[in-house]
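Data block for upload-v1.txt (compact mmCIF, C-alpha atoms and all ligand atoms):
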# COMPACT_ATOMS: atom_id res chain seq x y z
CA MET Z 1 -16.26 142.04 -81.93
CA TYR Z 2 -17.58 144.99 -83.87
CA ASN Z 3 -20.79 145.05 -81.83
CA MET Z 4 -18.96 144.90 -78.57
CA ASN Z 5 -16.54 147.67 -79.46
CA MET Z 6 -19.41 149.79 -80.62
CA ILE Z 7 -21.32 149.27 -77.38
CA GLU Z 8 -18.16 149.92 -75.36
CA SER Z 9 -17.46 153.17 -77.15
CA VAL Z 10 -21.03 154.35 -76.86
CA ILE Z 11 -20.99 153.69 -73.12
CA ALA Z 12 -17.61 155.37 -72.80
CA LEU Z 13 -19.06 158.53 -74.35
CA PHE Z 14 -21.41 158.87 -71.45
CA ALA Z 15 -19.43 157.59 -68.50
CA PRO Z 16 -15.74 156.98 -67.82
CA HIS Z 17 -14.82 153.78 -66.02
CA SER Z 18 -15.09 154.01 -62.29
CA CYS Z 19 -13.85 151.46 -59.78
CA LEU Z 20 -16.49 148.92 -58.74
CA SER Z 21 -15.23 149.02 -55.20
CA CYS Z 22 -14.19 152.58 -54.29
CA GLY Z 23 -15.70 154.55 -57.15
CA ASP Z 24 -12.43 156.22 -58.22
CA GLU Z 25 -12.44 157.20 -61.85
CA GLY Z 26 -10.11 155.48 -64.29
CA GLN Z 27 -10.39 151.69 -64.12
CA LEU Z 28 -13.21 149.24 -63.49
CA LEU Z 29 -11.18 147.85 -60.59
CA CYS Z 30 -8.41 150.17 -59.39
CA ARG Z 31 -5.02 148.89 -58.26
CA SER Z 32 -5.65 149.62 -54.58
CA CYS Z 33 -8.92 147.66 -54.64
CA TRP Z 34 -7.45 144.75 -56.61
CA PRO Z 35 -6.59 142.77 -53.39
CA LYS Z 36 -10.31 142.69 -52.59
CA LEU Z 37 -10.60 139.88 -55.14
CA GLY Z 38 -8.75 137.79 -52.56
CA SER Z 39 -6.12 135.11 -53.06
CA PRO Z 40 -6.73 132.25 -55.48
CA LEU Z 41 -8.84 129.50 -53.88
CA ALA Z 42 -6.94 126.69 -52.18
CA SER Z 43 -5.98 123.65 -54.20
CA CYS Z 44 -8.61 120.94 -54.00
CA CYS Z 45 -10.66 118.50 -56.06
CA TYR Z 46 -13.38 120.64 -57.57
CA LEU Z 47 -15.97 117.87 -57.26
CA CYS Z 48 -15.61 116.77 -53.62
CA ALA Z 49 -13.44 119.59 -52.21
CA ARG Z 50 -10.83 117.13 -50.88
CA THR Z 51 -7.39 118.78 -50.71
CA THR Z 52 -5.21 117.79 -53.68
CA ASP Z 53 -1.98 118.98 -55.28
CA ASP Z 54 -2.20 121.37 -58.23
CA PHE Z 55 -6.00 121.45 -58.18
CA THR Z 56 -6.20 117.93 -59.59
CA THR Z 57 -9.35 115.86 -59.48
CA CYS Z 58 -8.91 113.37 -56.60
CA SER Z 59 -8.39 109.66 -57.21
CA SER Z 60 -11.98 108.73 -56.36
CA CYS Z 61 -13.53 111.47 -58.55
CA LYS Z 62 -11.21 110.66 -61.47
CA SER Z 63 -13.53 107.84 -62.51
CA ILE Z 64 -16.42 110.26 -63.11
CA SER Z 65 -14.45 113.27 -64.36
CA SER Z 66 -12.80 114.04 -67.69
CA LEU Z 67 -10.88 116.92 -66.18
CA ASN Z 68 -7.34 116.50 -64.89
CA SER Z 69 -7.61 119.66 -62.80
CA VAL Z 70 -9.84 122.69 -62.27
CA ARG Z 71 -8.28 125.92 -61.01
CA LEU Z 72 -10.64 128.45 -59.51
CA ARG Z 73 -9.63 132.04 -58.95
CA THR Z 74 -12.30 133.21 -56.51
CA LYS Z 75 -15.80 132.73 -55.14
CA TYR Z 76 -18.75 134.08 -57.10
CA GLN Z 77 -19.57 136.89 -54.69
CA GLY Z 78 -18.88 140.56 -54.06
CA ILE Z 79 -16.59 142.18 -56.61
CA ALA Z 80 -16.15 138.95 -58.57
CA LYS Z 81 -19.90 138.66 -59.05
CA GLU Z 82 -20.14 142.29 -60.11
CA LEU Z 83 -17.33 141.81 -62.63
CA VAL Z 84 -19.15 138.84 -64.17
CA ARG Z 85 -22.35 140.85 -64.29
CA ARG Z 86 -20.55 143.64 -66.16
CA LEU Z 87 -19.08 141.07 -68.46
CA LYS Z 88 -22.53 139.97 -69.47
CA PHE Z 89 -24.40 143.22 -69.61
CA GLU Z 90 -22.05 146.19 -69.92
CA ARG Z 91 -18.37 147.14 -69.88
CA ALA Z 92 -17.55 143.74 -71.26
CA LYS Z 93 -14.07 144.48 -72.47
CA ALA Z 94 -12.81 146.16 -69.31
CA ALA Z 95 -14.34 143.43 -67.14
CA SER Z 96 -12.88 140.63 -69.25
CA SER Z 97 -9.38 142.13 -68.99
CA ILE Z 98 -9.57 142.32 -65.21
CA ILE Z 99 -10.93 138.78 -64.98
CA ALA Z 100 -8.25 137.40 -67.31
CA ASP Z 101 -5.44 139.23 -65.51
CA SER Z 102 -6.61 137.96 -62.13
CA MET Z 103 -6.72 134.41 -63.53
CA LEU Z 104 -3.04 134.69 -64.45
CA GLU Z 105 -2.33 134.20 -60.74
CA LEU Z 106 -3.71 130.67 -61.13
CA VAL Z 107 -0.99 129.62 -63.52
CA ILE Z 108 1.92 131.73 -62.42
CA ASP Z 109 3.66 128.75 -60.80
CA GLN Z 110 2.58 126.25 -63.38
CA LYS Z 111 5.54 124.33 -64.70
CA SER Z 112 3.42 122.53 -67.24
CA VAL Z 113 3.14 125.24 -69.90
CA ASN Z 114 4.42 123.31 -72.90
CA GLN Z 115 4.53 123.16 -76.68
CA GLU Z 116 1.45 120.98 -76.98
CA GLN Z 117 -0.78 123.24 -74.92
CA ILE Z 118 -3.70 125.16 -76.36
CA LEU Z 119 -6.17 127.47 -74.66
CA VAL Z 120 -9.82 126.82 -75.53
CA PRO Z 121 -12.77 128.95 -74.37
CA LEU Z 122 -15.91 127.14 -73.23
CA PRO Z 123 -18.40 128.55 -75.73
CA THR Z 124 -21.38 130.49 -74.45
CA ALA Z 125 -24.78 129.19 -75.58
CA SER Z 126 -25.24 130.73 -79.01
CA SER Z 127 -28.68 132.17 -78.24
CA ARG Z 128 -27.14 134.25 -75.48
CA ARG Z 129 -24.22 135.23 -77.66
CA ARG Z 130 -26.57 136.39 -80.38
CA GLN Z 131 -28.35 138.64 -77.93
CA ARG Z 132 -25.11 140.28 -76.86
CA GLY Z 133 -23.15 140.09 -80.08
CA TYR Z 134 -20.02 138.65 -78.46
CA ASP Z 135 -18.84 135.68 -76.45
CA HIS Z 136 -17.47 136.68 -73.08
CA SER Z 137 -15.47 133.51 -72.47
CA GLN Z 138 -13.65 134.21 -75.75
CA LEU Z 139 -12.69 137.67 -74.54
CA ILE Z 140 -11.21 136.21 -71.35
CA ALA Z 141 -9.48 133.33 -73.11
CA ARG Z 142 -7.91 135.52 -75.79
CA ARG Z 143 -6.31 137.80 -73.25
CA LEU Z 144 -5.14 134.90 -71.08
CA ALA Z 145 -3.64 133.15 -74.09
CA SER Z 146 -1.65 136.18 -75.15
CA SER Z 147 -0.42 136.80 -71.60
CA LEU Z 148 0.64 133.17 -71.20
CA GLY Z 149 2.06 132.84 -74.70
CA VAL Z 150 -0.16 129.81 -75.33
CA PRO Z 151 -2.06 129.46 -78.64
CA TYR Z 152 -5.71 130.55 -78.48
CA ARG Z 153 -7.93 127.97 -80.20
CA PRO Z 154 -11.70 128.37 -80.09
CA ALA Z 155 -12.07 124.69 -81.01
CA LEU Z 156 -15.47 123.96 -79.48
CA THR Z 157 -18.96 124.77 -80.58
CA ARG Z 158 -22.24 124.13 -78.79
CA LEU Z 159 -24.89 121.96 -80.37
CA GLY Z 160 -28.50 121.40 -79.69
CA GLN Z 161 -29.97 124.88 -80.00
CA ALA Z 162 -32.42 123.85 -82.71
CA ARG Z 163 -33.35 120.55 -81.08
CA GLN Z 164 -34.32 122.32 -77.89
CA VAL Z 165 -37.45 123.80 -79.38
CA GLY Z 166 -40.48 122.15 -77.84
CA SER Z 167 -38.58 119.95 -75.41
CA LYS Z 168 -39.30 120.02 -71.73
CA LYS Z 169 -37.19 122.43 -69.73
CA ILE Z 170 -35.19 119.70 -68.06
CA ASP Z 171 -34.39 118.10 -71.44
CA ARG Z 172 -33.40 121.46 -72.81
CA LEU Z 173 -31.02 121.99 -69.92
CA SER Z 174 -29.37 118.61 -70.21
CA GLN Z 175 -29.03 119.02 -73.97
CA MET Z 176 -27.41 122.38 -73.50
CA GLU Z 177 -24.94 121.01 -70.97
CA GLY Z 178 -24.18 117.95 -73.03
CA ALA Z 179 -23.90 119.24 -76.53
CA PHE Z 180 -20.46 120.16 -77.76
CA ARG Z 181 -18.52 119.28 -80.84
CA ILE Z 182 -15.12 120.10 -82.22
CA LYS Z 183 -15.23 122.76 -84.93
CA PHE Z 184 -14.39 121.58 -88.39
CA GLY Z 185 -10.65 121.77 -88.95
CA ALA Z 186 -9.74 122.40 -85.30
CA GLN Z 187 -6.71 120.39 -84.20
CA VAL Z 188 -6.99 118.97 -80.69
CA LYS Z 189 -5.33 115.58 -81.19
CA ASP Z 190 -2.43 115.02 -78.77
CA LYS Z 191 -2.89 118.51 -77.34
CA ASP Z 192 -2.98 119.49 -73.69
CA VAL Z 193 -6.06 121.66 -73.44
CA LEU Z 194 -6.62 124.48 -70.98
CA LEU Z 195 -10.36 125.15 -70.96
CA VAL Z 196 -11.41 128.64 -69.87
CA ASP Z 197 -14.75 129.68 -68.40
CA ASP Z 198 -16.06 132.52 -66.25
CA VAL Z 199 -18.34 130.83 -63.71
CA LEU Z 200 -18.47 127.25 -62.48
CA THR Z 201 -21.80 126.04 -61.18
CA THR Z 202 -22.27 122.27 -61.41
CA GLY Z 203 -19.36 121.71 -63.76
CA ALA Z 204 -21.61 119.78 -66.14
CA SER Z 205 -20.75 121.96 -69.15
CA LEU Z 206 -17.07 121.83 -68.38
CA GLU Z 207 -17.18 118.04 -68.07
CA ALA Z 208 -19.13 117.69 -71.31
CA ALA Z 209 -16.63 119.88 -73.13
CA ALA Z 210 -13.68 118.01 -71.62
CA SER Z 211 -15.06 114.62 -72.60
CA CYS Z 212 -15.71 115.89 -76.14
CA LEU Z 213 -12.07 117.03 -76.33
CA LEU Z 214 -10.73 113.71 -74.99
CA ASN Z 215 -12.93 111.76 -77.41
CA SER Z 216 -11.38 113.80 -80.20
CA GLY Z 217 -7.87 112.84 -79.18
CA ALA Z 218 -6.82 115.55 -76.73
CA ARG Z 219 -4.17 114.19 -74.38
CA ARG Z 220 -5.28 115.96 -71.24
CA VAL Z 221 -7.82 118.61 -70.25
CA ASP Z 222 -7.38 121.10 -67.42
CA ALA Z 223 -9.63 124.04 -66.66
CA LEU Z 224 -9.16 127.62 -65.51
CA VAL Z 225 -12.31 129.22 -64.14
CA PHE Z 226 -12.72 132.68 -62.69
CA ALA Z 227 -15.44 132.13 -60.07
CA ARG Z 228 -17.11 129.29 -58.24
CA ALA Z 229 -20.84 129.79 -57.68
ZN ZN Q 1 -10.97 151.19 -56.17
ZN ZN Q 2 -12.84 114.42 -55.48
What would the structure in this file look like if it were written as structure tokens?
Amino acid sequence: MYNMNMIESVIALFAPHSCLSCGDEGQLLCRSCWPKLGSPLASCCYLCARTTDDFTTCSSCKSISSLNSVRLRTKYQGIAKELVRRLKFERAKAASSIIADSMLELVIDQKSVNQEQILVPLPTASSRRRQRGYDHSQLIARRLASSLGVPYRPALTRLGQARQVGSKKIDRLSQMEGAFRIKFGAQVKDKDVLLVDDVLTTGASLEAAASCLLNSGARRVDALVFARA
């Protein structure tokens, strides 16, 4: 957090925020350009794209998925792509706020916000986090959690960083996707988990995290993702 704030303030010394779309000074995405993010994507099974209710995984994909539903805010293109790029390389805090606020539209009608629900960020690979000094999915998840009034619980950690040394690239990739564990002391038993991530590509990481949570006693895992690549 310290690193990020420091970087943010140093950048702010040199340049005020200007809108990604129209260039107006003030915010990273101004209110009049906000609609350019588009409406939330239509409800469907995230694996086969069949139309479903409430973004649930369809009955045929249920057998291979640990996720009850995956809600996607937008496609990974245009302004959304630029926001994610900022999130990773500069203006992280401003970008994460915009991303989190836009994701609120995914759950605005959700009746299922309940006492047993927790919001868990999908952890970024720790080598990348070390380079940047912060975890961008945590920034998004924290803000979403406070807006939704759902407890924020960074319960997952990635494994396998050390074991990757010397393995073939393909092994490294599959280890990275597959390796999650529950942090010591984190309580996920009987919880309904909302997993949060910025970009969905294959969904392999999300599935691995969801199955880790279910194996540790979580009751149900749903996901909120900003952009679909
Ligand atoms: Zn604008
Ligand atoms: Zn399906």
Neighbours of Ser102 of chain Z within 8 Å (only C-alpha atoms; same-chain residues fewer than 4 positions away dropped), as a PyMOL selection string?
-> chain Z and resi 73+98+106
What do you get as an MDAnalysis selection string if you pick all residues at most 9 Å from ligand ZN 1 (chain Q), counting all atoms listed in the file?
-> chainID Z and resid 18:25 27:34
Using only C-alpha atoms, please write the residues we just selected to a file, as a PDB file, keeping the file's coordinate frame.
ATOM      1  CA  SER Z  18     -15.090 154.010 -62.290  1.00  0.00           C
ATOM      2  CA  CYS Z  19     -13.850 151.460 -59.780  1.00  0.00           C
ATOM      3  CA  LEU Z  20     -16.490 148.920 -58.740  1.00  0.00           C
ATOM      4  CA  SER Z  21     -15.230 149.020 -55.200  1.00  0.00           C
ATOM      5  CA  CYS Z  22     -14.190 152.580 -54.290  1.00  0.00           C
ATOM      6  CA  GLY Z  23     -15.700 154.550 -57.150  1.00  0.00           C
ATOM      7  CA  ASP Z  24     -12.430 156.220 -58.220  1.00  0.00           C
ATOM      8  CA  GLU Z  25     -12.440 157.200 -61.850  1.00  0.00           C
ATOM      9  CA  GLN Z  27     -10.390 151.690 -64.120  1.00  0.00           C
ATOM     10  CA  LEU Z  28     -13.210 149.240 -63.490  1.00  0.00           C
ATOM     11  CA  LEU Z  29     -11.180 147.850 -60.590  1.00  0.00           C
ATOM     12  CA  CYS Z  30      -8.410 150.170 -59.390  1.00  0.00           C
ATOM     13  CA  ARG Z  31      -5.020 148.890 -58.260  1.00  0.00           C
ATOM     14  CA  SER Z  32      -5.650 149.620 -54.580  1.00  0.00           C
ATOM     15  CA  CYS Z  33      -8.920 147.660 -54.640  1.00  0.00           C
ATOM     16  CA  TRP Z  34      -7.450 144.750 -56.610  1.00  0.00           C
TER      17      TRP Z  34
END
Do you know which residues are within 12 Å of ligand ZN 2 (chain Q) using all atoms listed in the file? Can you write them as number ranges by chain?
-> Z: 43-53, 55-65, 67-70
Per residue of segment 56-105 of chain Z within 9 Å of segment 185-200 of chain Z, what are the shortest atom pair and its distance in Å to one decimal, counting all atoms listed in the file, with rows by chain and residue number, as a tab-separated table?
residue	atom	partner	partner_atom	distance
Z:Leu72	CA	Z:Leu200	CA	8.5
Z:Tyr76	CA	Z:Val199	CA	7.4
Z:Val84	CA	Z:Asp198	CA	7.3
Z:Ile99	CA	Z:Asp198	CA	8.2
Asn215 of chain Z: which residues within 12 Å, counting all atoms listed in the file, same-chain residues fewer than 6 positions away excluded, as a VMD selection string?
-> chain Z and resid 66 180 to 182 188 to 190 208 to 209 221
Keeping only C-alpha atoms, take the residues you just selected and write them out as a PDB file, in the frame of the given file.
ATOM      1  CA  SER Z  66     -12.800 114.040 -67.690  1.00  0.00           C
ATOM      2  CA  PHE Z 180     -20.460 120.160 -77.760  1.00  0.00           C
ATOM      3  CA  ARG Z 181     -18.520 119.280 -80.840  1.00  0.00           C
ATOM      4  CA  ILE Z 182     -15.120 120.100 -82.220  1.00  0.00           C
ATOM      5  CA  VAL Z 188      -6.990 118.970 -80.690  1.00  0.00           C
ATOM      6  CA  LYS Z 189      -5.330 115.580 -81.190  1.00  0.00           C
ATOM      7  CA  ASP Z 190      -2.430 115.020 -78.770  1.00  0.00           C
ATOM      8  CA  ALA Z 208     -19.130 117.690 -71.310  1.00  0.00           C
ATOM      9  CA  ALA Z 209     -16.630 119.880 -73.130  1.00  0.00           C
ATOM     10  CA  VAL Z 221      -7.820 118.610 -70.250  1.00  0.00           C
TER      11      VAL Z 221
END
So, counting all atoms listed in the file, which residue among Z:Ala210, Z:Val107, Z:Ala141, Z:Val150 is closest to Pro121 of chain Z?
-> Z:Ala141
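Closest to Gln117 of chain Z among Z:Gly203, Z:Pro35, Z:Pro151, Z:Gly26 is Z:Pro151, based on only C-alpha atoms.
The residue that comes closest to Ser211 of chain Z, out of Z:Leu224, Z:Ala179, Z:Ala100, Z:Leu148 and on the basis of only C-alpha atoms, is Z:Ala179.
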Spatial neighbours of Gln77 of chain Z, max dist 9 Å, all atoms listed in the file, sep filter under 3 positions, as a ChimeraX atom specification = /Z:74,80-82,227-229
Provide the atom CA of Lys36 of chain Z to atom CA of Ile79 of chain Z distance in Å, to one decimal place.
->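 Pair atom CA of Lys36 of chain Z / atom CA of Ile79 of chain Z returns 7.5 Å.
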Please determine the residues with any atom at most 6 Å from (-8.2, 126.2, -79.6) (coordinates as given in the file, with all atoms listed in the file counting) and report them as a PDB file with C-alpha atoms, in the frame of the given file.
ATOM      1  CA  ILE Z 118      -3.700 125.160 -76.360  1.00  0.00           C
ATOM      2  CA  LEU Z 119      -6.170 127.470 -74.660  1.00  0.00           C
ATOM      3  CA  VAL Z 120      -9.820 126.820 -75.530  1.00  0.00           C
ATOM      4  CA  TYR Z 152      -5.710 130.550 -78.480  1.00  0.00           C
ATOM      5  CA  ARG Z 153      -7.930 127.970 -80.200  1.00  0.00           C
ATOM      6  CA  PRO Z 154     -11.700 128.370 -80.090  1.00  0.00           C
ATOM      7  CA  ALA Z 155     -12.070 124.690 -81.010  1.00  0.00           C
TER       8      ALA Z 155
END
In Å, with one decimal, what is the gap from atom CA of Met103 of chain Z to atom CA of Ile140 of chain Z?
->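 One can read the atom CA of Met103 of chain Z to atom CA of Ile140 of chain Z distance as 9.2 Å.
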Computed interatomic separation between atom CA of His136 of chain Z and atom CA of Lys183 of chain Z (Å) =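 The value is 18.4 Å.
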Taking the partial coordinates given, rebuild segment 180-214 of chain Z to contain N, CA and C atoms; return it as a tab-separated table (two decimals), in the coordinates of the input.
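File produced: out-v6.tsv:
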chain	number	residue	atom	x	y	z
Z	180	PHE	N	-21.61	119.46	-77.20
Z	180	PHE	CA	-20.46	120.16	-77.76
Z	180	PHE	C	-19.92	119.35	-78.92
Z	181	ARG	N	-19.31	120.01	-79.85
Z	181	ARG	CA	-18.52	119.28	-80.84
Z	181	ARG	C	-17.30	120.11	-81.20
Z	182	ILE	N	-16.33	119.41	-81.81
Z	182	ILE	CA	-15.12	120.10	-82.22
Z	182	ILE	C	-15.41	120.79	-83.55
Z	183	LYS	N	-15.02	122.04	-83.67
Z	183	LYS	CA	-15.23	122.76	-84.93
Z	183	LYS	C	-14.47	122.10	-86.06
Z	184	PHE	N	-15.04	122.16	-87.24
Z	184	PHE	CA	-14.39	121.58	-88.39
Z	184	PHE	C	-12.99	122.18	-88.57
Z	185	GLY	N	-12.01	121.30	-88.70
Z	185	GLY	CA	-10.65	121.77	-88.95
Z	185	GLY	C	-9.83	122.07	-87.69
Z	186	ALA	N	-10.49	122.10	-86.53
Z	186	ALA	CA	-9.74	122.40	-85.30
Z	186	ALA	C	-8.89	121.20	-84.91
Z	187	GLN	N	-7.65	121.46	-84.54
Z	187	GLN	CA	-6.71	120.39	-84.20
Z	187	GLN	C	-6.59	120.26	-82.68
Z	188	VAL	N	-7.13	119.17	-82.13
Z	188	VAL	CA	-6.99	118.97	-80.69
Z	188	VAL	C	-6.24	117.67	-80.37
Z	189	LYS	N	-5.99	116.88	-81.40
Z	189	LYS	CA	-5.33	115.58	-81.19
Z	189	LYS	C	-3.95	115.78	-80.56
Z	190	ASP	N	-3.70	114.99	-79.50
Z	190	ASP	CA	-2.43	115.02	-78.77
Z	190	ASP	C	-2.11	116.37	-78.12
Z	191	LYS	N	-3.12	117.21	-77.98
Z	191	LYS	CA	-2.89	118.51	-77.34
Z	191	LYS	C	-3.24	118.43	-75.86
Z	192	ASP	N	-2.57	119.26	-75.08
Z	192	ASP	CA	-2.98	119.49	-73.69
Z	192	ASP	C	-3.86	120.72	-73.71
Z	193	VAL	N	-5.10	120.56	-73.31
Z	193	VAL	CA	-6.06	121.66	-73.44
Z	193	VAL	C	-6.27	122.35	-72.09
Z	194	LEU	N	-6.21	123.68	-72.12
Z	194	LEU	CA	-6.62	124.48	-70.98
Z	194	LEU	C	-7.96	125.10	-71.35
Z	195	LEU	N	-9.02	124.62	-70.70
Z	195	LEU	CA	-10.36	125.15	-70.96
Z	195	LEU	C	-10.58	126.38	-70.08
Z	196	VAL	N	-11.20	127.41	-70.64
Z	196	VAL	CA	-11.41	128.64	-69.87
Z	196	VAL	C	-12.89	128.97	-69.79
Z	197	ASP	N	-13.35	129.26	-68.57
Z	197	ASP	CA	-14.75	129.68	-68.40
Z	197	ASP	C	-14.83	130.74	-67.30
Z	198	ASP	N	-15.94	131.46	-67.25
Z	198	ASP	CA	-16.06	132.52	-66.25
Z	198	ASP	C	-16.62	132.02	-64.92
Z	199	VAL	N	-17.73	131.27	-64.96
Z	199	VAL	CA	-18.34	130.83	-63.71
Z	199	VAL	C	-18.58	129.33	-63.72
Z	200	LEU	N	-18.23	128.68	-62.62
Z	200	LEU	CA	-18.47	127.25	-62.48
Z	200	LEU	C	-19.68	127.06	-61.56
Z	201	THR	N	-20.68	126.37	-62.06
Z	201	THR	CA	-21.80	126.04	-61.18
Z	201	THR	C	-21.73	124.54	-60.86
Z	202	THR	N	-22.35	123.70	-61.68
Z	202	THR	CA	-22.27	122.27	-61.41
Z	202	THR	C	-21.02	121.66	-62.03
Z	203	GLY	N	-20.50	122.30	-63.06
Z	203	GLY	CA	-19.36	121.71	-63.76
Z	203	GLY	C	-19.81	120.81	-64.90
Z	204	ALA	N	-21.11	120.68	-65.10
Z	204	ALA	CA	-21.61	119.78	-66.14
Z	204	ALA	C	-21.15	120.19	-67.55
Z	205	SER	N	-21.19	121.49	-67.84
Z	205	SER	CA	-20.75	121.96	-69.15
Z	205	SER	C	-19.27	121.71	-69.36
Z	206	LEU	N	-18.51	122.01	-68.32
Z	206	LEU	CA	-17.07	121.83	-68.38
Z	206	LEU	C	-16.72	120.36	-68.62
Z	207	GLU	N	-17.41	119.48	-67.91
Z	207	GLU	CA	-17.18	118.04	-68.07
Z	207	GLU	C	-17.55	117.58	-69.48
Z	208	ALA	N	-18.68	118.09	-69.97
Z	208	ALA	CA	-19.13	117.69	-71.31
Z	208	ALA	C	-18.11	118.15	-72.36
Z	209	ALA	N	-17.61	119.36	-72.18
Z	209	ALA	CA	-16.63	119.88	-73.13
Z	209	ALA	C	-15.33	119.08	-73.04
Z	210	ALA	N	-14.92	118.76	-71.82
Z	210	ALA	CA	-13.68	118.01	-71.62
Z	210	ALA	C	-13.79	116.62	-72.23
Z	211	SER	N	-14.95	115.97	-72.05
Z	211	SER	CA	-15.06	114.62	-72.60
Z	211	SER	C	-15.11	114.66	-74.13
Z	212	CYS	N	-15.72	115.71	-74.68
Z	212	CYS	CA	-15.71	115.89	-76.14
Z	212	CYS	C	-14.27	116.04	-76.65
Z	213	LEU	N	-13.46	116.81	-75.93
Z	213	LEU	CA	-12.07	117.03	-76.33
Z	213	LEU	C	-11.25	115.73	-76.24
Z	214	LEU	N	-11.46	114.98	-75.15
Z	214	LEU	CA	-10.73	113.71	-74.99
Z	214	LEU	C	-11.14	112.71	-76.07
